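Structure data (mmCIF, C-alpha atoms) from data38.cif:
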```
data_structure
loop_
_atom_site.label_atom_id
_atom_site.label_comp_id
_atom_site.auth_asym_id
_atom_site.auth_seq_id
_atom_site.Cartn_x
_atom_site.Cartn_y
_atom_site.Cartn_z
CA MET A 1 69.23 106.25 130.79
CA LYS A 2 68.08 102.98 129.24
CA ARG A 3 70.60 101.18 131.33
CA ALA A 4 69.34 102.80 134.50
CA ILE A 5 65.82 101.70 133.72
CA SER A 6 66.68 98.08 133.02
CA ALA A 7 68.85 98.02 136.12
CA ALA A 8 65.84 99.21 138.09
CA ILE A 9 63.66 96.51 136.55
CA ALA A 10 66.30 93.92 137.24
CA ALA A 11 66.46 95.06 140.83
CA THR A 12 62.75 94.67 141.30
CA ILE A 13 62.47 91.33 139.56
CA LEU A 14 65.52 89.64 140.92
CA ALA A 15 66.14 91.81 143.95
CA ALA A 16 69.67 92.03 142.55
CA PRO A 17 72.06 94.84 143.46
CA ALA A 18 71.26 97.98 141.47
CA ILE A 19 74.84 98.36 140.23
CA ALA A 20 75.38 95.63 137.65
CA GLU A 21 78.90 94.35 137.07
CA THR A 22 79.86 93.86 133.43
CA VAL A 23 82.33 91.04 132.85
CA ALA A 24 85.15 92.18 130.53
CA PRO A 25 85.80 89.99 127.46
CA GLY A 26 89.08 88.77 128.91
CA ASP A 27 87.48 87.78 132.23
CA VAL A 28 84.63 85.59 131.01
CA ALA A 29 84.61 82.24 132.82
CA TYR A 30 84.04 79.46 130.28
CA ASP A 31 83.73 75.93 131.63
CA GLU A 32 85.39 72.99 129.90
CA ALA A 33 82.52 72.61 127.45
CA GLY A 34 82.54 76.32 126.59
CA ALA A 35 79.49 77.31 128.67
CA VAL A 36 79.22 80.53 130.68
CA ALA A 37 76.98 80.31 133.76
CA ALA A 38 76.53 83.94 134.77
CA SER A 39 75.13 86.94 132.90
CA LEU A 40 77.90 88.95 131.25
CA SER A 41 76.21 92.25 132.03
CA GLY A 42 75.03 91.21 135.48
CA MET A 43 71.51 91.86 134.22
CA PRO A 44 68.86 89.75 132.52
CA GLY A 45 68.45 90.04 128.78
CA ASN A 46 65.49 91.30 126.78
CA ALA A 47 64.29 88.78 124.20
CA GLU A 48 62.73 91.41 121.96
CA GLU A 49 65.96 93.38 121.80
CA GLY A 50 67.76 90.10 121.19
CA ALA A 51 65.62 89.36 118.15
CA LYS A 52 66.61 92.78 116.77
CA VAL A 53 70.29 92.14 117.39
CA PHE A 54 69.92 88.77 115.68
CA GLY A 55 68.23 90.09 112.56
CA SER A 56 69.89 93.45 112.08
CA LYS A 57 72.66 93.61 109.52
CA SER A 58 74.43 96.39 111.40
CA ILE A 59 74.37 94.69 114.83
CA GLY A 60 74.60 90.92 115.28
CA ASN A 61 73.78 89.95 111.69
CA CYS A 62 73.30 86.38 112.88
CA VAL A 63 70.81 85.86 110.04
CA SER A 64 73.66 86.07 107.57
CA CYS A 65 74.42 82.49 108.63
CA HIS A 66 71.36 81.24 110.57
CA GLU A 67 67.70 80.83 109.78
CA VAL A 68 65.04 81.09 112.51
CA THR A 69 61.38 80.42 111.69
CA ALA A 70 60.28 82.89 114.39
CA LEU A 71 62.01 85.66 112.39
CA ALA A 72 60.59 84.68 109.01
CA ASP A 73 60.01 88.37 108.18
CA VAL A 74 63.75 89.09 108.13
CA PRO A 75 64.72 88.63 104.47
CA PHE A 76 67.51 86.43 103.12
CA PRO A 77 68.66 84.30 106.02
CA GLY A 78 71.86 82.41 105.23
CA ASN A 79 72.55 78.72 105.74
CA VAL A 80 76.24 78.65 106.55
CA GLY A 81 75.24 77.75 110.12
CA PRO A 82 72.41 75.46 111.25
CA SER A 83 68.80 76.63 111.65
CA LEU A 84 68.36 77.75 115.25
CA ASP A 85 64.81 76.46 115.58
CA GLY A 86 64.68 74.41 118.76
CA VAL A 87 68.14 75.54 119.86
CA ALA A 88 66.93 75.82 123.48
CA ASP A 89 66.05 72.12 123.45
CA ARG A 90 69.61 71.30 122.47
CA TRP A 91 71.55 73.66 124.72
CA SER A 92 71.16 75.17 128.18
CA GLU A 93 71.16 78.93 128.75
CA GLY A 94 74.79 78.84 129.89
CA GLU A 95 75.83 76.84 126.85
CA ILE A 96 74.03 79.27 124.53
CA ARG A 97 75.75 82.21 126.26
CA GLY A 98 79.10 80.52 125.73
CA ILE A 99 78.40 79.82 122.05
CA VAL A 100 77.37 83.41 121.36
CA ALA A 101 80.29 84.91 123.34
CA ASN A 102 82.94 82.65 121.81
CA ALA A 103 81.72 79.65 119.82
CA LYS A 104 85.28 78.44 119.34
CA ASN A 105 85.30 77.12 122.92
CA THR A 106 82.32 74.91 122.10
CA TYR A 107 83.14 74.02 118.50
CA ASP A 108 86.84 73.78 117.78
CA GLY A 109 87.72 75.79 114.67
CA THR A 110 84.16 76.82 113.87
CA ILE A 111 83.56 79.44 111.18
CA MET A 112 81.19 81.26 113.59
CA PRO A 113 82.82 84.54 114.71
CA SER A 114 83.57 85.19 118.39
CA PHE A 115 81.27 88.00 119.45
CA TYR A 116 82.77 88.80 122.85
CA LYS A 117 86.47 88.74 122.31
CA VAL A 118 89.07 91.47 121.78
CA GLU A 119 92.37 89.64 121.42
CA GLY A 120 94.20 87.20 119.22
CA PHE A 121 93.16 88.51 115.80
CA ILE A 122 95.33 88.51 112.67
CA ARG A 123 95.37 91.91 110.93
CA PRO A 124 92.29 93.25 112.74
CA GLY A 125 90.63 96.12 110.92
CA ASP A 126 88.74 99.25 111.94
CA ALA A 127 85.22 97.88 111.37
CA TYR A 128 84.65 97.41 107.60
CA THR A 129 86.97 100.16 106.37
CA GLY A 130 89.81 97.83 105.38
CA LYS A 131 92.15 99.96 107.51
CA GLY A 132 94.04 98.67 110.53
CA ILE A 133 93.12 99.38 114.14
CA ALA A 134 95.31 99.84 117.22
CA LEU A 135 95.15 96.66 119.29
CA ASP A 136 93.99 98.51 122.42
CA LYS A 137 91.09 100.07 120.50
CA ILE A 138 89.38 96.80 119.56
CA GLU A 139 85.84 96.53 120.93
CA PRO A 140 83.99 93.21 121.05
CA LEU A 141 81.54 92.71 118.15
CA LEU A 142 78.64 92.86 120.63
CA THR A 143 78.27 94.40 124.09
CA ALA A 144 77.67 92.28 127.18
CA GLN A 145 74.04 93.39 127.23
CA GLN A 146 73.49 92.62 123.54
CA ILE A 147 74.75 89.10 124.24
CA GLU A 148 72.37 88.76 127.17
CA ASP A 149 69.53 90.00 124.94
CA LEU A 150 70.46 87.37 122.35
CA VAL A 151 70.56 84.67 125.02
CA ALA A 152 67.11 85.76 126.25
CA PHE A 153 65.83 85.48 122.68
CA LEU A 154 67.48 82.16 121.90
CA VAL A 155 66.19 80.41 125.05
CA THR A 156 62.67 81.02 123.71
CA LEU A 157 63.40 78.90 120.62
CA LYS A 158 61.86 75.58 121.66
CA GLU A 159 60.14 73.05 119.44
CA MET B 1 78.13 66.40 73.45
CA LYS B 2 76.64 64.80 76.52
CA PHE B 3 75.68 68.28 77.74
CA LYS B 4 73.20 68.96 74.95
CA ALA B 5 70.84 66.20 76.03
CA MET B 6 70.79 67.66 79.49
CA THR B 7 69.70 71.13 78.47
CA ALA B 8 65.98 70.58 78.90
CA LEU B 9 66.60 69.13 82.32
CA SER B 10 68.90 71.99 83.29
CA LEU B 11 66.28 74.53 82.35
CA THR B 12 63.80 72.85 84.67
CA LEU B 13 66.36 72.80 87.45
CA ALA B 14 67.26 76.43 86.92
CA VAL B 15 63.64 77.49 87.14
CA ALA B 16 63.15 75.40 90.25
CA ALA B 17 66.26 76.92 91.80
CA ALA B 18 65.12 80.48 91.19
CA GLY B 19 61.79 79.79 92.83
CA SER B 20 63.12 78.23 96.02
CA ALA B 21 65.91 78.72 98.51
CA ASN B 22 67.85 75.97 96.77
CA ALA B 23 71.39 77.26 96.72
CA ASP B 24 73.26 74.64 94.74
CA PRO B 25 75.08 75.80 91.63
CA VAL B 26 72.93 75.42 88.53
CA GLU B 27 73.41 72.83 85.81
CA ASP B 28 73.99 75.02 82.80
CA GLU B 29 76.44 75.51 79.99
CA LEU B 30 78.06 78.69 78.79
CA ILE B 31 78.66 79.16 75.07
CA VAL B 32 79.44 82.79 74.39
CA ASN B 33 77.92 84.24 71.22
CA GLY B 34 76.83 80.73 70.35
CA GLU B 35 80.41 79.82 69.43
CA THR B 36 82.98 80.01 72.24
CA GLU B 37 82.58 77.12 74.65
CA ILE B 38 83.50 77.94 78.21
CA VAL B 39 84.46 75.19 80.63
CA THR B 40 82.67 76.25 83.82
CA LYS B 41 83.11 72.95 85.68
CA THR B 42 85.91 70.42 85.56
CA ALA B 43 87.98 68.01 87.63
CA ALA B 44 90.09 69.83 90.22
CA PRO B 45 93.82 70.12 89.50
CA ALA B 46 96.04 67.56 91.25
CA HIS B 47 97.30 70.00 93.90
CA MET B 48 93.81 70.63 95.32
CA GLU B 49 93.36 68.88 98.62
CA ASN B 50 89.74 69.46 99.63
CA ILE B 51 87.80 69.94 96.41
CA ASP B 52 87.14 67.41 93.64
CA GLU B 53 85.48 69.63 91.10
CA VAL B 54 86.24 73.26 90.33
CA MET B 55 83.45 75.58 89.20
CA SER B 56 83.21 79.03 87.76
CA GLY B 57 81.35 81.66 89.77
CA TRP B 58 79.05 81.91 86.74
CA LEU B 59 77.24 78.73 87.87
CA PHE B 60 76.32 80.41 91.16
CA ARG B 61 74.66 83.48 89.66
CA GLU B 62 70.99 84.08 88.91
CA ASN B 63 69.49 83.35 85.49
CA ASP B 64 69.45 87.00 84.32
CA THR B 65 73.05 87.58 85.33
CA ARG B 66 74.20 84.39 83.61
CA ASP B 67 72.30 85.32 80.48
CA MET B 68 74.08 88.67 80.21
CA GLN B 69 77.30 86.77 79.69
CA ARG B 70 76.06 84.55 76.89
CA ASP B 71 76.13 87.30 74.31
CA ASP B 72 78.70 90.06 73.99
CA PHE B 73 76.00 92.56 73.04
CA ASP B 74 74.47 92.11 76.49
CA ASN B 75 77.78 92.09 78.38
CA PRO B 76 78.61 95.60 79.69
CA GLY B 77 82.23 94.48 80.20
CA MET B 78 82.66 94.45 76.42
CA LEU B 79 82.74 98.27 76.37
CA ALA B 80 86.03 98.03 78.21
CA VAL B 81 87.35 95.54 75.68
CA GLU B 82 86.43 97.92 72.85
CA ALA B 83 88.14 100.84 74.58
CA ALA B 84 91.29 98.77 75.05
CA MET B 85 91.25 97.71 71.39
CA GLU B 86 91.74 101.36 70.52
CA THR B 87 94.45 101.81 73.10
CA TRP B 88 96.23 98.77 71.62
CA ASP B 89 97.09 100.76 68.50
CA GLU B 90 97.73 104.12 70.17
CA VAL B 91 101.28 105.42 70.25
CA GLU B 92 102.25 106.64 73.71
CA GLY B 93 105.48 107.51 75.52
CA THR B 94 108.99 108.63 74.56
CA ALA B 95 109.76 105.56 72.41
CA GLY B 96 106.93 106.43 70.01
CA LYS B 97 105.41 102.96 70.18
CA ALA B 98 102.01 101.33 70.60
CA CYS B 99 101.31 97.85 71.99
CA SER B 100 100.72 96.67 68.42
CA ASP B 101 104.25 97.67 67.39
CA CYS B 102 105.66 94.82 69.47
CA HIS B 103 102.73 92.39 69.70
CA GLY B 104 101.12 92.73 66.28
CA THR B 105 97.53 93.58 65.47
CA LEU B 106 94.90 91.81 67.52
CA ASP B 107 93.97 89.75 64.45
CA ASP B 108 97.47 88.26 64.50
CA ASP B 109 96.36 86.31 67.58
CA GLN B 110 99.71 86.77 69.29
CA MET B 111 97.99 87.42 72.63
CA VAL B 112 95.89 84.25 72.57
CA GLY B 113 96.62 82.18 75.66
CA ILE B 114 98.61 84.85 77.51
CA ARG B 115 95.95 85.52 80.16
CA ALA B 116 95.71 81.80 80.90
CA VAL B 117 99.31 81.47 82.17
CA TYR B 118 99.47 84.56 84.40
CA PRO B 119 100.60 85.15 87.16
CA LYS B 120 103.88 83.80 85.90
CA TRP B 121 107.55 83.75 86.94
CA ASN B 122 109.54 86.52 85.25
CA GLU B 123 113.15 85.48 84.87
CA ASN B 124 114.63 88.96 84.44
CA ALA B 125 112.79 90.45 87.37
CA GLY B 126 113.34 87.37 89.51
CA GLU B 127 109.76 87.41 90.77
CA VAL B 128 106.24 86.31 89.91
CA TRP B 129 104.44 88.83 87.73
CA THR B 130 100.75 89.39 87.34
CA LEU B 131 99.42 90.44 83.94
CA GLU B 132 99.11 93.98 85.28
CA MET B 133 102.81 94.03 86.20
CA ALA B 134 103.74 92.75 82.74
CA ILE B 135 101.58 95.41 81.09
CA ASN B 136 103.12 98.18 83.17
CA SER B 137 106.60 96.91 82.40
CA CYS B 138 105.79 97.21 78.69
CA ARG B 139 104.62 100.74 79.30
CA THR B 140 107.57 101.97 81.33
CA GLU B 141 110.42 99.90 79.82
CA GLN B 142 109.38 99.48 76.19
CA MET B 143 107.23 102.50 75.48
CA GLY B 144 108.67 105.09 77.82
CA ALA B 145 105.14 105.78 79.00
CA GLU B 146 103.79 106.18 82.50
CA ALA B 147 102.66 103.17 84.46
CA TRP B 148 98.91 102.78 84.78
CA GLY B 149 97.29 102.61 88.21
CA TYR B 150 97.10 98.97 89.24
CA THR B 151 93.32 98.86 89.40
CA GLY B 152 92.67 101.99 87.31
CA THR B 153 90.31 102.08 84.36
CA GLU B 154 92.96 101.85 81.61
CA MET B 155 94.61 98.88 83.29
CA THR B 156 91.35 97.05 83.92
CA ASN B 157 90.24 97.71 80.34
CA MET B 158 93.49 96.28 78.98
CA SER B 159 93.21 93.32 81.31
CA ALA B 160 89.69 92.75 79.93
CA LEU B 161 91.10 92.76 76.39
CA MET B 162 93.73 90.19 77.39
CA SER B 163 90.98 87.96 78.86
CA TYR B 164 88.87 88.42 75.76
CA ALA B 165 91.79 87.38 73.54
CA SER B 166 92.19 84.18 75.58
CA ARG B 167 88.54 83.46 76.13
CA GLY B 168 87.88 79.72 76.20
CA VAL B 169 91.56 78.82 76.74
CA PRO B 170 92.01 76.71 79.90
CA VAL B 171 93.71 78.46 82.82
CA ASN B 172 97.11 76.85 83.29
CA VAL B 173 99.39 78.70 85.68
CA ALA B 174 102.66 77.06 86.71
CA ILE B 175 103.06 76.44 90.42
CA ASP B 176 106.37 74.62 90.44
CA GLY B 177 109.94 75.69 89.71
CA PRO B 178 110.86 79.24 90.70
CA ALA B 179 107.20 80.19 91.24
CA GLN B 180 106.70 77.63 93.96
CA PRO B 181 107.67 79.73 97.04
CA THR B 182 105.27 82.46 95.90
CA TRP B 183 102.56 79.86 95.40
CA GLU B 184 103.18 78.50 98.92
CA GLN B 185 102.93 82.04 100.30
CA GLY B 186 99.62 82.50 98.49
CA LYS B 187 98.33 79.22 99.85
CA GLU B 188 99.25 80.28 103.38
CA LEU B 189 97.32 83.53 102.90
CA TYR B 190 94.33 81.64 101.51
CA TYR B 191 94.01 79.58 104.67
CA THR B 192 94.79 82.36 107.19
CA ARG B 193 91.78 83.49 109.20
CA THR B 194 91.96 87.27 109.23
CA GLY B 195 90.19 90.14 110.91
CA GLN B 196 87.85 90.33 113.82
CA LEU B 197 85.53 87.82 112.14
CA GLU B 198 88.46 85.39 111.83
CA LEU B 199 87.52 84.15 108.38
CA SER B 200 89.83 82.79 105.69
CA CYS B 201 89.15 82.60 101.97
CA ALA B 202 88.71 78.86 102.48
CA ASN B 203 86.03 79.33 105.16
CA CYS B 204 83.75 80.93 102.61
CA HIS B 205 84.90 79.60 99.24
CA GLU B 206 86.02 76.07 100.10
CA ASP B 207 83.95 75.06 103.15
CA ASN B 208 80.76 76.88 102.16
CA TYR B 209 80.46 77.31 98.41
CA GLY B 210 76.87 76.63 97.41
CA ASN B 211 75.63 78.01 100.73
CA MET B 212 74.01 81.38 101.27
CA ILE B 213 75.68 84.02 103.42
CA ARG B 214 72.76 86.35 103.83
CA ALA B 215 71.66 87.21 100.28
CA ASP B 216 74.96 86.13 98.72
CA HIS B 217 75.31 82.76 97.07
CA LEU B 218 78.86 81.69 97.82
CA SER B 219 80.91 80.45 94.87
CA GLN B 220 84.37 78.91 94.93
CA GLY B 221 85.86 82.40 94.56
CA GLN B 222 87.57 81.52 91.27
CA ILE B 223 89.32 84.22 89.24
CA ASN B 224 89.11 82.69 85.76
CA ALA B 225 86.32 85.16 84.95
CA PHE B 226 88.13 88.39 85.77
CA PRO B 227 87.91 91.23 85.25
CA ALA B 228 84.25 91.04 86.25
CA TYR B 229 81.57 93.61 85.49
CA ARG B 230 79.59 93.91 88.72
CA LEU B 231 76.01 95.06 88.56
CA LYS B 232 76.44 96.21 92.15
CA ASN B 233 78.93 98.98 91.35
CA ALA B 234 78.27 99.12 87.60
CA LYS B 235 81.91 98.83 86.62
CA LEU B 236 84.55 96.36 85.68
CA ASN B 237 86.39 95.05 88.75
CA SER B 238 89.90 93.71 88.85
CA VAL B 239 91.05 90.66 90.78
CA HIS B 240 92.87 92.58 93.48
CA ASP B 241 89.87 94.85 94.03
CA ARG B 242 87.79 91.75 94.66
CA PHE B 243 90.41 90.34 97.06
CA LYS B 244 90.46 93.65 98.89
CA GLY B 245 86.68 93.63 99.30
CA CYS B 246 86.62 90.07 100.57
CA VAL B 247 89.41 90.68 103.11
CA ARG B 248 87.74 93.91 104.24
CA ASP B 249 84.55 91.93 104.86
CA THR B 250 86.36 89.87 107.49
CA ARG B 251 86.86 93.15 109.40
CA ALA B 252 90.55 92.99 108.60
CA GLU B 253 93.23 95.40 107.47
CA THR B 254 93.50 94.60 103.78
CA TYR B 255 96.58 94.35 101.61
CA SER B 256 96.96 96.80 98.74
CA PRO B 257 96.27 95.96 95.11
CA GLY B 258 99.59 95.04 93.51
CA SER B 259 101.21 94.17 96.86
CA PRO B 260 103.47 91.08 97.01
CA GLU B 261 100.85 89.41 99.22
CA PHE B 262 98.04 89.85 96.70
CA VAL B 263 100.33 88.78 93.84
CA ALA B 264 101.07 85.56 95.73
CA LEU B 265 97.40 85.09 96.57
CA GLU B 266 96.48 85.64 92.93
CA LEU B 267 98.90 82.94 91.78
CA TYR B 268 97.48 80.52 94.32
CA VAL B 269 93.82 81.29 93.59
CA ALA B 270 94.47 81.16 89.81
CA SER B 271 96.02 77.71 90.24
CA ARG B 272 92.86 76.53 91.99
CA GLY B 273 91.09 77.24 88.71
CA ASN B 274 93.56 75.45 86.42
CA GLY B 275 91.37 73.71 83.84
CA LEU B 276 88.52 76.23 83.85
CA SER B 277 88.33 78.47 80.79
CA VAL B 278 89.42 82.08 80.78
CA GLU B 279 85.98 83.68 80.92
CA GLY B 280 86.48 87.43 81.30
CA PRO B 281 85.13 89.94 81.01
CA SER B 282 82.34 88.35 83.00
CA VAL B 283 79.11 89.63 84.56
CA ARG B 284 78.48 89.25 88.28
CA ASN B 285 76.15 90.82 90.81
#
```
Written form, structure tokens:
Amino acid sequence: MKRAISAAIAATILAAPAIAETVAPGDVAYDEAGAVAASLSGMPGNAEEGAKVFGSKSIGNCVSCHEVTALADVPFPGNVGPSLDGVADRWSEGEIRGIVANAKNTYDGTIMPSFYKVEGFIRPGDAYTGKGIALDKIEPLLTAQQIEDLVAFLVTLKE
Amino acid sequence: MKFKAMTALSLTLAVAAAGSANADPVEDELIVNGETEIVTKTAAPAHMENIDEVMSGWLFRENDTRDMQRDDFDNPGMLAVEAAMETWDEVEGTAGKACSDCHGTLDDDQMVGIRAVYPKWNENAGEVWTLEMAINSCRTEQMGAEAWGYTGTEMTNMSALMSYASRGVPVNVAIDGPAQPTWEQGKELYYTRTGQLELSCANCHEDNYGNMIRADHLSQGQINAFPAYRLKNAKLNSVHDRFKGCVRDTRAETYSPGSPEFVALELYVASRGNGLSVEGPSVRN
């Protein structure tokens, strides 16, 4: 339902085809620097939704490592990662998409988790139960649209 | 006593820290009951590659939590110690023996220093034993009693008593000789990035101690202070329970308490704290 609506909006705004193509985690095209040019969901993101994904413990939980002044009302931001104030001055939209989808392509060996990846894990678990999960059952940490929403939010962070 | 002169300064720092987002460990000293000095910070053992100074998790906790550990009357973990003191003298099993029949009364001080050298190579078994494994061997082999659950209440209580008996003694586990392959295995596990979040122990406790991960102030993940009474679940927690929780938080399939992997990891993590005092039972959030 929600999807149908945003697809309709996308169609009007961008005159894009109404059926959006989601790029599967294994098919994302990263360039040499780790950037991803095209939308993963085939649709534009929603910055307000992105802010929710960023701050919510049960969704992106980005605040566990990053502080953002624009989200000062979200309690207890962590500082394991850098503050994301002004991140859009430092990186292009495509670069931000790449970092959120799989930061390890941009920063070799970074502690930042890969949010759009389903393979290559050691002892992957079934969410936070401590139990194992069948390899073909692993879902990415965020959906393509949640990543687009985050990107839409992050590109607003200019100084 | 170069620390004494610093106390006034440390108090100021501690207050400042509580009032701001400053996440560095506090400058503070721990003297339990005004008599037992606890080394909470010291030069890292020679085998440590990326850390110069090792620190107890106590230095990373809030003022109230730290204070609870200064006096045994305020430390809820002491109830476990008292329970285990009774168990120490209780006859159990087919051999008709209590712990005290082999190891003397607690006042004999025969158990002083034991906690500090475990996990330790056991020659007869041909493997590294944790304190829990040694205790269960006493129960099944010497007393003819049933083994306790690895992280069960009786076991954790007894482990608290063993820490209490060694409180203030520097941790000094052996990592060479026959224990070395187990230590290497533990080291490998420590640096392996597990789960869907792909995080290793080192990512949090070596690369980021002192930083905040959401509301949690990351410490070096030392185990000198175990078992730890956690205000969060209002009970005494054993080392392997803590390991399990941390591995689970990487969205990984955990190992089981008492498993060879966790035994190896315990030896390795204990060795990272060589030089810190045995501090358990401790209070944590």
Exercise. Which residues, written as a PyMOL selection string, have at least one atom at most 10 Å from region 269-271 of chain B, with only C-alpha atoms counted and residues fewer than 2 positions away on the same chain left out?
Worked result: chain B and resi 44-45+47-48+116-119+171-175+183+186-187+190+201+220-224+263-267+273-276
Using only C-alpha atoms, please write the residues we just selected to a file, as a PDB file, in the coordinates of the input.
```
ATOM      1  CA  ALA B  44      90.090  69.830  90.220  1.00  0.00           C
ATOM      2  CA  PRO B  45      93.820  70.120  89.500  1.00  0.00           C
ATOM      3  CA  HIS B  47      97.300  70.000  93.900  1.00  0.00           C
ATOM      4  CA  MET B  48      93.810  70.630  95.320  1.00  0.00           C
ATOM      5  CA  ALA B 116      95.710  81.800  80.900  1.00  0.00           C
ATOM      6  CA  VAL B 117      99.310  81.470  82.170  1.00  0.00           C
ATOM      7  CA  TYR B 118      99.470  84.560  84.400  1.00  0.00           C
ATOM      8  CA  PRO B 119     100.600  85.150  87.160  1.00  0.00           C
ATOM      9  CA  VAL B 171      93.710  78.460  82.820  1.00  0.00           C
ATOM     10  CA  ASN B 172      97.110  76.850  83.290  1.00  0.00           C
ATOM     11  CA  VAL B 173      99.390  78.700  85.680  1.00  0.00           C
ATOM     12  CA  ALA B 174     102.660  77.060  86.710  1.00  0.00           C
ATOM     13  CA  ILE B 175     103.060  76.440  90.420  1.00  0.00           C
ATOM     14  CA  TRP B 183     102.560  79.860  95.400  1.00  0.00           C
ATOM     15  CA  GLY B 186      99.620  82.500  98.490  1.00  0.00           C
ATOM     16  CA  LYS B 187      98.330  79.220  99.850  1.00  0.00           C
ATOM     17  CA  TYR B 190      94.330  81.640 101.510  1.00  0.00           C
ATOM     18  CA  CYS B 201      89.150  82.600 101.970  1.00  0.00           C
ATOM     19  CA  GLN B 220      84.370  78.910  94.930  1.00  0.00           C
ATOM     20  CA  GLY B 221      85.860  82.400  94.560  1.00  0.00           C
ATOM     21  CA  GLN B 222      87.570  81.520  91.270  1.00  0.00           C
ATOM     22  CA  ILE B 223      89.320  84.220  89.240  1.00  0.00           C
ATOM     23  CA  ASN B 224      89.110  82.690  85.760  1.00  0.00           C
ATOM     24  CA  VAL B 263     100.330  88.780  93.840  1.00  0.00           C
ATOM     25  CA  ALA B 264     101.070  85.560  95.730  1.00  0.00           C
ATOM     26  CA  LEU B 265      97.400  85.090  96.570  1.00  0.00           C
ATOM     27  CA  GLU B 266      96.480  85.640  92.930  1.00  0.00           C
ATOM     28  CA  LEU B 267      98.900  82.940  91.780  1.00  0.00           C
ATOM     29  CA  GLY B 273      91.090  77.240  88.710  1.00  0.00           C
ATOM     30  CA  ASN B 274      93.560  75.450  86.420  1.00  0.00           C
ATOM     31  CA  GLY B 275      91.370  73.710  83.840  1.00  0.00           C
ATOM     32  CA  LEU B 276      88.520  76.230  83.850  1.00  0.00           C
TER      33      LEU B 276
END
```
Taking only C-alpha atoms into account, produce a table as a Markdown table in which each residue of chain B with an atom at most 6 Å from an atom of chain A appears once, together with its shortest atom pair and the distance in Å to one decimal, ordered by chain and rising number.
```
| residue | atom | partner | partner_atom | distance |
| --- | --- | --- | --- | --- |
| B:Thr194 | CA | A:Ile122 | CA | 5.0 |
| B:Gly195 | CA | A:Pro124 | CA | 4.2 |
| B:Gln196 | CA | A:Pro124 | CA | 5.4 |
| B:Leu197 | CA | A:Pro113 | CA | 5.0 |
| B:Asn211 | CA | A:Val80 | CA | 5.9 |
| B:Met212 | CA | A:Gly78 | CA | 4.6 |
| B:Ile213 | CA | A:Gly78 | CA | 4.5 |
| B:Arg214 | CA | A:Ser64 | CA | 3.9 |
| B:Ala215 | CA | A:Phe76 | CA | 5.1 |
| B:Arg248 | CA | A:Gly130 | CA | 4.6 |
| B:Arg251 | CA | A:Gly125 | CA | 5.0 |
| B:Ala252 | CA | A:Gly125 | CA | 3.9 |
| B:Glu253 | CA | A:Gly125 | CA | 4.4 |
| B:Thr254 | CA | A:Gly130 | CA | 5.2 |
```
For this session: Specify as a PyMOL selection string each residue included when the PyMOL selection byres ((chain A and resi 154) around 8) is applied to this file.
Result: chain A and resi 47+50+87-88+96+150-153+155-157
Exercise. Quick one: distance from CA of Arg230 (chain B) to CA of Phe54 (chain A) in Å, one decimal?
Worked result: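 Taking CA of Arg230 (chain B) and CA of Phe54 (chain A), their separation equals 29.1 Å.
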Exercise. Of the residues A:Tyr107, A:Glu93, A:Glu159, A:Val28, which is the one nearest to Gly45 (chain A), using all atoms listed in the file?
Worked result: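 Closest to Gly45 (chain A) of all the choices is A:Glu93.
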Problem set entry | For Tyr229 (chain B): contacts at 10 Å, only C-alpha atoms, fewer than 4 positions along chain excluded, given as a list in words | Gln69, Asn75, Pro76, Gly77, Met78, Ala80, Ala160, Ala225, Asn233, Ala234, Lys235, Leu236, Asn237, Ser238, Gly280, Pro281, Ser282, Val283, Arg284 and Asn285 of chain B
What would region 88-96 of chain A look like with N, CA and C atoms restored, written as an mmCIF file, in the frame of the given file?
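Written out: selection_36.cif:
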```cif
data_model
loop_
_atom_site.group_PDB
_atom_site.id
_atom_site.type_symbol
_atom_site.label_atom_id
_atom_site.label_comp_id
_atom_site.auth_asym_id
_atom_site.auth_seq_id
_atom_site.Cartn_x
_atom_site.Cartn_y
_atom_site.Cartn_z
ATOM 1 N N ALA A 88 67.017 75.890 122.014
ATOM 2 C CA ALA A 88 66.930 75.820 123.480
ATOM 3 C C ALA A 88 66.638 74.407 123.970
ATOM 4 N N ASP A 89 66.201 73.531 123.067
ATOM 5 C CA ASP A 89 66.050 72.120 123.450
ATOM 6 C C ASP A 89 67.403 71.412 123.419
ATOM 7 N N ARG A 90 68.306 71.964 122.631
ATOM 8 C CA ARG A 90 69.610 71.300 122.470
ATOM 9 C C ARG A 90 70.638 71.795 123.470
ATOM 10 N N TRP A 91 70.531 73.061 123.860
ATOM 11 C CA TRP A 91 71.550 73.660 124.720
ATOM 12 C C TRP A 91 70.901 74.381 125.897
ATOM 13 N N SER A 92 71.616 74.419 127.012
ATOM 14 C CA SER A 92 71.160 75.170 128.180
ATOM 15 C C SER A 92 71.451 76.652 127.979
ATOM 16 N N GLU A 93 70.900 77.484 128.851
ATOM 17 C CA GLU A 93 71.160 78.930 128.750
ATOM 18 C C GLU A 93 72.653 79.233 128.813
ATOM 19 N N GLY A 94 73.351 78.603 129.746
ATOM 20 C CA GLY A 94 74.790 78.840 129.890
ATOM 21 C C GLY A 94 75.567 78.416 128.654
ATOM 22 N N GLU A 95 75.148 77.309 128.071
ATOM 23 C CA GLU A 95 75.830 76.840 126.850
ATOM 24 C C GLU A 95 75.579 77.804 125.703
ATOM 25 N N ILE A 96 74.347 78.307 125.602
ATOM 26 C CA ILE A 96 74.030 79.270 124.530
ATOM 27 C C ILE A 96 74.850 80.544 124.734
#
```
